[in-house]
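Undergrad: Below is the file final.txt, with compact mmCIF, C-alpha atoms.
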```
# COMPACT_ATOMS: atom_id res chain seq x y z
CA MET A 50 -78.74 28.11 46.96
CA SER A 51 -82.40 28.69 46.24
CA ALA A 52 -85.00 27.07 48.49
CA ALA A 53 -86.95 26.34 45.31
CA ALA A 54 -84.09 24.37 43.75
CA PRO A 55 -84.71 20.63 43.29
CA ARG A 56 -83.78 18.87 46.48
CA VAL A 57 -81.34 15.96 46.64
CA GLY A 58 -81.70 13.52 49.53
CA PHE A 59 -79.06 11.43 51.27
CA LEU A 60 -79.79 8.55 53.66
CA GLY A 61 -76.99 7.25 55.89
CA LEU A 62 -74.15 9.38 57.25
CA GLY A 63 -71.53 6.83 58.23
CA ILE A 64 -67.86 7.20 57.41
CA MET A 65 -68.62 7.10 53.66
CA GLY A 66 -72.06 8.67 53.53
CA ALA A 67 -71.04 11.79 55.44
CA GLN A 68 -68.27 12.53 52.94
CA MET A 69 -70.51 11.83 49.95
CA ALA A 70 -73.28 14.07 51.25
CA SER A 71 -70.72 16.79 51.95
CA ARG A 72 -69.66 16.65 48.30
CA LEU A 73 -73.25 17.21 47.22
CA VAL A 74 -73.61 20.19 49.55
CA GLY A 75 -70.26 21.53 48.33
CA THR A 76 -71.45 21.61 44.72
CA GLY A 77 -74.27 23.95 45.69
CA GLN A 78 -77.07 21.41 45.60
CA ASN A 79 -80.10 21.72 47.87
CA VAL A 80 -79.51 18.69 50.11
CA MET A 81 -81.62 17.01 52.79
CA VAL A 82 -79.97 14.29 54.89
CA TYR A 83 -81.11 11.60 57.28
CA ASN A 84 -79.21 9.43 59.75
CA ARG A 85 -80.55 7.22 62.50
CA SER A 86 -78.11 8.86 64.94
CA VAL A 87 -79.04 12.55 64.70
CA ALA A 88 -75.67 13.71 66.03
CA LYS A 89 -73.95 12.50 62.85
CA ALA A 90 -76.14 14.84 60.80
CA GLU A 91 -75.05 17.96 62.68
CA PRO A 92 -71.87 18.60 60.62
CA LEU A 93 -74.00 18.47 57.46
CA ARG A 94 -76.46 20.93 58.98
CA GLN A 95 -73.51 23.27 59.63
CA LEU A 96 -72.59 22.99 55.94
CA GLY A 97 -76.09 24.01 54.90
CA ALA A 98 -78.00 20.74 54.52
CA ALA A 99 -81.51 20.31 55.88
CA VAL A 100 -81.84 17.45 58.37
CA ALA A 101 -84.83 15.10 58.20
CA SER A 102 -86.20 13.06 61.08
CA THR A 103 -87.15 10.02 58.95
CA PRO A 104 -86.29 8.47 55.56
CA ALA A 105 -89.90 9.15 54.54
CA GLU A 106 -89.40 12.87 55.03
CA VAL A 107 -86.50 12.74 52.57
CA THR A 108 -88.22 10.72 49.85
CA SER A 109 -91.47 12.66 50.14
CA THR A 110 -89.72 15.94 49.31
CA CYS A 111 -86.62 15.03 47.23
CA ASP A 112 -86.63 14.09 43.55
CA LEU A 113 -83.23 12.36 43.66
CA VAL A 114 -82.29 10.31 46.74
CA PHE A 115 -79.02 8.52 47.49
CA ALA A 116 -78.63 5.87 50.19
CA MET A 117 -75.37 4.62 51.68
CA LEU A 118 -76.08 2.02 54.36
CA ALA A 119 -73.75 -0.39 56.12
CA ASP A 120 -75.21 -3.76 55.11
CA PRO A 121 -78.23 -5.52 53.58
CA LYS A 122 -80.22 -5.37 56.82
CA ALA A 123 -79.81 -1.60 57.09
CA ALA A 124 -80.50 -1.06 53.38
CA LYS A 125 -83.80 -2.93 53.62
CA ALA A 126 -84.83 -1.33 56.91
CA VAL A 127 -84.33 2.24 55.69
CA ALA A 128 -86.00 1.57 52.35
CA MET A 129 -88.89 -0.67 53.33
CA ASP A 130 -89.66 -0.93 57.05
CA GLY A 131 -92.76 0.83 58.32
CA PRO A 132 -94.46 4.21 57.97
CA ASP A 133 -91.18 6.13 58.24
CA SER A 134 -89.45 4.26 55.41
CA ALA A 135 -88.28 5.58 52.06
CA VAL A 136 -91.06 3.60 50.36
CA ALA A 137 -93.70 5.23 52.58
CA GLY A 138 -92.41 8.69 51.68
CA ILE A 139 -92.52 7.95 47.95
CA ALA A 140 -96.06 6.62 48.23
CA ALA A 141 -97.15 9.79 50.06
CA ARG A 142 -96.04 12.15 47.29
CA PRO A 143 -98.85 13.86 45.37
CA ALA A 144 -99.68 12.44 41.96
CA SER A 145 -98.55 15.71 40.36
CA ALA A 146 -95.05 15.47 41.86
CA LYS A 147 -92.02 14.68 39.76
CA PRO A 148 -91.10 10.97 39.94
CA VAL A 149 -88.37 10.01 42.43
CA THR A 150 -85.11 8.34 41.48
CA TYR A 151 -83.68 6.30 44.37
CA VAL A 152 -79.98 5.40 44.12
CA ASP A 153 -78.68 2.79 46.57
CA CYS A 154 -74.90 3.00 46.91
CA SER A 155 -74.72 0.34 49.62
CA THR A 156 -72.77 -2.87 49.01
CA VAL A 157 -75.40 -5.59 49.27
CA ASP A 158 -76.12 -9.01 47.80
CA ALA A 159 -78.10 -9.28 44.58
CA ALA A 160 -81.28 -10.48 46.31
CA THR A 161 -81.31 -7.48 48.65
CA GLY A 162 -80.72 -5.08 45.77
CA GLU A 163 -83.64 -6.55 43.87
CA GLN A 164 -85.93 -6.54 46.94
CA VAL A 165 -85.19 -2.89 47.63
CA GLY A 166 -85.52 -1.98 43.96
CA ASP A 167 -88.85 -3.77 43.59
CA ALA A 168 -90.26 -2.09 46.70
CA ILE A 169 -89.09 1.36 45.62
CA THR A 170 -90.44 1.13 42.08
CA ALA A 171 -93.76 -0.30 43.28
CA ALA A 172 -94.32 2.60 45.67
CA ALA A 173 -95.46 5.03 42.95
CA PRO A 174 -95.72 5.17 39.16
CA ARG A 175 -92.56 6.09 37.22
CA THR A 176 -90.31 5.80 40.29
CA GLY A 177 -86.75 4.95 39.26
CA PHE A 178 -84.24 2.75 41.05
CA LEU A 179 -80.51 2.46 40.47
CA ALA A 180 -78.06 0.25 42.34
CA ALA A 181 -74.73 2.11 42.42
CA PRO A 182 -72.24 0.58 44.88
CA VAL A 183 -68.93 2.39 45.07
CA SER A 184 -65.27 1.51 44.92
CA GLY A 185 -63.11 3.71 47.12
CA GLY A 186 -62.67 4.75 50.73
CA TRP A 187 -63.66 7.79 52.72
CA ARG A 188 -60.76 9.84 51.35
CA ASP A 189 -61.98 9.13 47.81
CA ALA A 190 -65.47 10.15 48.91
CA ARG A 191 -64.06 13.36 50.39
CA ASP A 192 -62.16 14.14 47.20
CA GLY A 193 -64.97 13.21 44.82
CA THR A 194 -63.02 10.37 43.21
CA LEU A 195 -65.29 7.40 43.92
CA LEU A 196 -66.03 4.84 41.22
CA PHE A 197 -69.71 3.97 40.75
CA LEU A 198 -70.71 0.51 39.48
CA CYS A 199 -74.31 0.91 38.40
CA GLY A 200 -77.15 -1.44 37.55
CA GLY A 201 -80.63 -0.35 36.52
CA HIS A 202 -82.67 1.26 33.76
CA GLN A 203 -81.04 3.89 31.56
CA THR A 204 -83.60 6.50 32.65
CA ALA A 205 -82.71 6.10 36.32
CA TYR A 206 -79.01 6.17 35.48
CA GLU A 207 -79.34 9.43 33.54
CA ALA A 208 -81.36 11.02 36.36
CA ALA A 209 -78.62 10.10 38.84
CA VAL A 210 -75.71 11.40 36.75
CA PRO A 211 -75.49 14.92 38.28
CA GLY A 212 -75.17 13.47 41.77
CA LEU A 213 -72.85 10.65 40.71
CA ASP A 214 -70.54 13.12 38.98
CA ALA A 215 -70.45 15.36 42.05
CA MET A 216 -69.27 12.45 44.19
CA GLY A 217 -67.15 10.38 41.82
CA SER A 218 -64.64 10.46 38.99
CA ARG A 219 -65.94 7.49 36.94
CA ARG A 220 -69.20 5.62 36.54
CA TRP A 221 -70.34 2.58 34.60
CA LEU A 222 -73.80 1.25 33.79
CA LEU A 223 -72.99 -2.47 33.94
CA GLY A 224 -76.44 -3.90 33.32
CA SER A 225 -80.16 -3.31 33.58
CA THR A 226 -80.71 -4.82 37.04
CA PRO A 227 -79.45 -4.28 40.61
CA ARG A 228 -78.00 -7.80 40.44
CA ASP A 229 -75.47 -6.69 37.82
CA ALA A 230 -74.13 -3.91 40.05
CA ALA A 231 -74.09 -6.06 43.19
CA ARG A 232 -72.14 -8.84 41.53
CA ALA A 233 -69.66 -6.47 39.88
CA LYS A 234 -68.91 -4.79 43.22
CA LEU A 235 -68.31 -8.12 44.92
CA MET A 236 -65.68 -9.01 42.29
CA LEU A 237 -63.65 -5.99 43.39
CA GLN A 238 -64.15 -6.83 47.06
CA VAL A 239 -62.87 -10.38 46.52
CA MET A 240 -59.66 -9.02 45.04
CA MET A 241 -59.22 -6.33 47.66
CA GLY A 242 -59.86 -8.59 50.65
CA ASN A 243 -57.59 -11.34 49.37
CA ILE A 244 -54.75 -9.00 48.41
CA VAL A 245 -54.74 -7.28 51.80
CA GLY A 246 -55.09 -10.61 53.60
CA SER A 247 -52.08 -11.96 51.68
CA LEU A 248 -50.14 -8.80 52.45
CA ALA A 249 -50.87 -9.24 56.16
CA GLU A 250 -49.65 -12.83 55.98
CA MET A 251 -46.45 -11.75 54.24
CA MET A 252 -45.80 -9.00 56.79
CA ALA A 253 -46.33 -11.29 59.77
CA LEU A 254 -44.14 -13.98 58.26
CA SER A 255 -41.43 -11.42 57.45
CA LYS A 256 -41.35 -10.30 61.06
CA ALA A 257 -41.31 -13.86 62.38
CA ALA A 258 -38.41 -14.63 60.04
CA GLY A 259 -36.39 -11.73 61.42
CA LEU A 260 -36.55 -9.68 58.22
CA ASP A 261 -36.71 -5.90 57.99
CA GLU A 262 -40.38 -5.21 57.23
CA ALA A 263 -39.68 -1.77 55.77
CA ALA A 264 -37.09 -3.24 53.42
CA ILE A 265 -39.47 -6.00 52.32
CA LEU A 266 -42.15 -3.40 51.57
CA GLU A 267 -39.62 -1.38 49.57
CA VAL A 268 -38.70 -4.45 47.52
CA LEU A 269 -42.39 -5.20 46.98
CA GLY A 270 -42.92 -1.65 45.78
CA GLU A 271 -40.28 -2.07 43.06
CA SER A 272 -41.47 -5.51 41.97
CA ALA A 273 -44.08 -6.69 39.49
CA MET A 274 -46.51 -7.01 42.44
CA ALA A 275 -46.37 -3.29 43.27
CA ASN A 276 -49.72 -1.52 43.50
CA PRO A 277 -51.20 1.45 45.40
CA LEU A 278 -53.27 -0.78 47.68
CA CYS A 279 -50.27 -2.77 48.92
CA LYS A 280 -48.26 0.41 49.37
CA ALA A 281 -50.94 2.12 51.46
CA LYS A 282 -51.96 -0.88 53.56
CA GLY A 283 -48.39 -2.11 53.98
CA GLU A 284 -47.44 1.21 55.54
CA LEU A 285 -50.39 1.01 57.93
CA MET A 286 -49.45 -2.53 58.94
CA HIS A 287 -45.83 -1.57 59.51
CA LYS A 288 -46.89 1.34 61.74
CA ASN A 289 -49.76 -0.55 63.42
CA ASP A 290 -51.87 2.45 62.41
CA TYR A 291 -55.42 1.22 61.89
CA LYS A 292 -57.49 4.40 61.95
CA PRO A 293 -60.52 3.45 59.86
CA ASN A 294 -60.78 4.13 56.16
CA PHE A 295 -62.66 0.96 55.21
CA GLN A 296 -63.36 -1.14 58.28
CA VAL A 297 -62.66 -4.79 59.00
CA TYR A 298 -66.34 -5.59 59.55
CA LEU A 299 -67.27 -4.17 56.15
CA GLN A 300 -64.57 -6.10 54.28
CA GLN A 301 -65.59 -9.30 56.06
CA LYS A 302 -69.23 -8.67 55.19
CA ASP A 303 -68.31 -8.29 51.53
CA LEU A 304 -66.28 -11.50 51.52
CA ARG A 305 -69.21 -13.29 53.15
CA LEU A 306 -71.52 -12.04 50.41
CA ALA A 307 -69.02 -13.10 47.74
CA LEU A 308 -68.75 -16.57 49.25
CA GLN A 309 -72.54 -16.82 49.29
CA LEU A 310 -72.58 -15.92 45.58
CA ALA A 311 -69.84 -18.46 44.83
CA ASP A 312 -71.82 -21.14 46.63
CA ASP A 313 -75.00 -20.22 44.73
CA LEU A 314 -73.14 -20.46 41.41
CA GLY A 315 -71.16 -23.58 42.30
CA VAL A 316 -67.76 -21.85 41.99
CA PRO A 317 -65.01 -22.98 44.41
CA ALA A 318 -63.59 -20.05 46.38
CA PRO A 319 -61.03 -21.53 48.82
CA ILE A 320 -58.75 -18.47 48.84
CA SER A 321 -61.60 -16.13 49.70
CA ALA A 322 -62.84 -18.55 52.35
CA ALA A 323 -59.43 -18.58 54.03
CA SER A 324 -59.19 -14.77 53.92
CA ASN A 325 -62.69 -14.45 55.32
CA GLY A 326 -61.67 -16.58 58.29
CA GLN A 327 -58.85 -14.18 59.12
CA TYR A 328 -61.11 -11.12 58.93
CA ILE A 329 -63.54 -12.91 61.24
CA ARG A 330 -60.66 -13.52 63.65
CA ALA A 331 -59.68 -9.86 63.51
CA ARG A 332 -63.28 -8.92 64.35
CA GLN A 333 -63.27 -11.32 67.29
CA MET A 334 -60.04 -9.71 68.53
CA GLY A 335 -61.75 -6.30 68.74
CA PHE A 336 -60.66 -4.80 65.42
CA ALA A 337 -64.11 -4.72 63.74
CA ASP A 338 -64.21 -0.91 63.47
CA LYS A 339 -60.54 -0.49 62.55
CA ASP A 340 -59.16 -0.21 59.03
CA PHE A 341 -59.22 -3.57 57.31
CA ALA A 342 -55.41 -3.55 57.24
CA ALA A 343 -55.87 -4.66 60.86
CA VAL A 344 -56.40 -8.17 59.50
CA ARG A 345 -52.69 -8.39 60.21
CA ALA A 346 -53.60 -8.72 63.87
CA ALA A 347 -55.06 -12.15 63.16
CA TYR A 348 -51.71 -13.29 61.77
CA GLU A 349 -49.81 -11.67 64.63
CA ALA A 350 -51.82 -13.78 67.05
CA GLU A 351 -51.19 -16.98 65.12
CA VAL A 352 -47.63 -16.53 63.84
CA LEU A 353 -45.74 -14.24 66.17
CA ASN A 354 -46.87 -15.74 69.45
CA GLN A 355 -45.69 -19.24 68.58
CA PRO A 356 -42.43 -20.41 70.23
CA GLU A 357 -39.59 -20.81 67.75
CA THR A 358 -38.57 -24.43 67.14
CA GLU A 359 -35.40 -25.79 65.58
CA ASP A 360 -35.52 -27.91 62.44
CA ALA A 361 -35.44 -31.63 63.15
```
Could I get this structure in the form of structure tokens?
TA:
Amino acid sequence: MSAAAPRVGFLGLGIMGAQMASRLVGTGQNVMVYNRSVAKAEPLRQLGAAVASTPAEVTSTCDLVFAMLADPKAAKAVAMDGPDSAVAGIAARPASAKPVTYVDCSTVDAATGEQVGDAITAAAPRTGFLAAPVSGGWRDARDGTLLFLCGGHQTAYEAAVPGLDAMGSRRWLLGSTPRDAARAKLMLQVMMGNIVGSLAEMMALSKAAGLDEAAILEVLGESAMANPLCKAKGELMHKNDYKPNFQVYLQQKDLRLALQLADDLGVPAPISAASNGQYIRARQMGFADKDFAAVRAAYEAEVLNQPETEDA
């Protein structure tokens, strides 16, 4: 890897970001990373990435920058807050420098996406912004099989393609604004959260009814309702194995954002509201950082601890 090669930046090295940045390094790209907790950047340093001390250091020296932050608050803070922000780094670049393309892969609400995009593009002439939230977990990030749901100008999308293709297997430009990407991602999160919440309910009820959970999962797998998500999460629920892939707190955050959108648009969302309540309960029970299959714990508390009563 040549030190003179165009540098790609990556902001945020959580469970997803670390794997995504590793993919970029693995394809031979000249990568600079930043994470608020410096210790999380050390494995990337060992792989050959440069480690920055601030987001501004990344955006001041990298032509293409990806961000993968946990929630809207973090996405705005890294992009916009203070002299160390991504915006400050873009503004500090010399006028002769190549324009930056900033790609935010975080799952955020439409308003946050637009705020970040407006701040980024206002920082310097010709700066590009693309919202590109992902579908997939950390294993998909590790394997380079993420799906990218993009919203922004065609120019920014085309500039991001080399990085997107290094980290994912499919990508779509779904509209010309960050709002389009944010809303599309939330549609997937509604389905995922509700399906896994329903699966947890079925598993808890199966156990309370004295049924063989493994047999019920096998029947489900041969039925019209069979799908890879139910297979994977059903096995985790059966084993009580909740090592994180996509955490409870993230799924609950996405359902909250979807419910906010439904309220804004006047669309009833009672199923999502009920599921959201169970993810909140799982968080309160101490499962926030566990895989979101741990939503079953909320049903265990409600269903399995109730004394059995005879029919009247």
Undergrad: Need the shell around Thr204 of chain A: protein/DNA/RNA residues with any atom at most 9 Å away, counting only C-alpha atoms. Skip same-chain ones fewer than 4 positions apart. Format as a PyMOL selection string?
TA: chain A and resi 177+208-209
Undergrad: State, in Å with one decimal place, the distance from atom CA of Ala101 of chain A to atom CA of Val87 of chain A.
TA: 9.1 Å
Undergrad: Using all atoms listed in the file, which protein or nucleic acid residues come within 7 Å of segment 109-120 of chain A? Drop anything in the same chain fewer than 4 positions from it, and give the result as a VMD selection string.
TA: chain A and resid 55 to 61 66 105 124 138 to 139 141 to 142 147 to 157
Undergrad: Identify, on the basis of all atoms listed in the file, every residue whose closest approach to Asp192 of chain A does not exceed 9 Å; exclude the query and any residue fewer than 6 positions from it along the same chain; express the result as a PyMOL selection string.
TA: chain A and resi 68+72+216-217
Undergrad: Which residue is closest to Asn276 of chain A? Choose from A:Ala258, A:Leu299, A:Leu248, A:Val136 and count all atoms listed in the file.
TA: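 Closest to Asn276 of chain A of all the choices is A:Leu248.
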Undergrad: Excluding same-chain residues fewer than 5 positions from Leu179 of chain A, what lies within 6 Å of it counting only C-alpha atoms, as a PyMOL selection string?
TA: chain A and resi 152+200-201+205
Undergrad: Save the residues we just selected, C-alpha atoms, as a PDB file, in the coordinates of the input?
TA:
```pdb
ATOM      1  CA  VAL A 152     -79.980   5.400  44.120  1.00  0.00           C
ATOM      2  CA  GLY A 200     -77.150  -1.440  37.550  1.00  0.00           C
ATOM      3  CA  GLY A 201     -80.630  -0.350  36.520  1.00  0.00           C
ATOM      4  CA  ALA A 205     -82.710   6.100  36.320  1.00  0.00           C
TER       5      ALA A 205
END
```
Undergrad: My list of candidates is A:Glu250, A:Glu349, A:Glu163, A:Asp303. Which is closest to Asn289 of chain A when distances are computed with all atoms listed in the file?
TA: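 Smallest distance to Asn289 of chain A is found for A:Glu349.
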Undergrad: I'd like the neighbourhood of Gln164 of chain A as a PyMOL selection string, where a residue qualifies if any of its atoms comes within 10 Å (using only C-alpha atoms), though same-chain residues fewer than 2 positions away should be ignored.
TA: chain A and resi 125+128-129+159-162+166-169+227
Undergrad: So what do you get for atom CA of Ala171 of chain A versus atom CA of Ser134 of chain A, distance-wise?
TA: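 So the two atoms, atom CA of Ala171 of chain A and atom CA of Ser134 of chain A, lie 13.7 Å apart.
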Undergrad: Between atom CA of Ala190 of chain A and atom CA of Arg219 of chain A, what is the distance, to one decimal in Å?
TA: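 Those two atoms sit 12.3 Å apart.
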Undergrad: Given the choices A:Leu308, A:Leu269, A:Ala263, A:Ala98, which gets closest to Gly75 of chain A if the distance is worked out from all atoms listed in the file?
TA: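 When distances to Gly75 of chain A are compared using all atoms listed in the file, the smallest one comes from A:Ala98.
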Undergrad: Pick out the closest residue to Glu106 of chain A from this set: A:Gln203, A:Thr170, A:Ser218, A:Asn84. Count only C-alpha atoms.
TA: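 Selected residue with least distance to Glu106 of chain A: A:Asn84.
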Undergrad: Out of A:Gly131, A:Ala144, A:Lys122, A:Gln301, which residue has the shortest atom-to-atom distance to Thr103 of chain A when counting only C-alpha atoms?
TA: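 That would be A:Gly131, the residue with the smallest distance to Thr103 of chain A.
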Undergrad: Kindly indicate which residue among A:Ala307, A:Leu278, A:Ala70, A:Val344 lies nearest to Leu213 of chain A, using only C-alpha atoms for the distances.
TA: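 Using only C-alpha atoms, the shortest distance to Leu213 of chain A belongs to A:Ala70.
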Undergrad: Adding 8 Å on each side of the box along x, y and z that holds all listed atoms of segment 264-283 of chain A, could you give its centre and edge lengths in Å to one decimal, as AutoDock Vina command-line options?
TA:
```
--center_x -45.2 --center_y -2.4 --center_z 46.7 --size_x 32.2 --size_y 25.1 --size_z 30.5
```
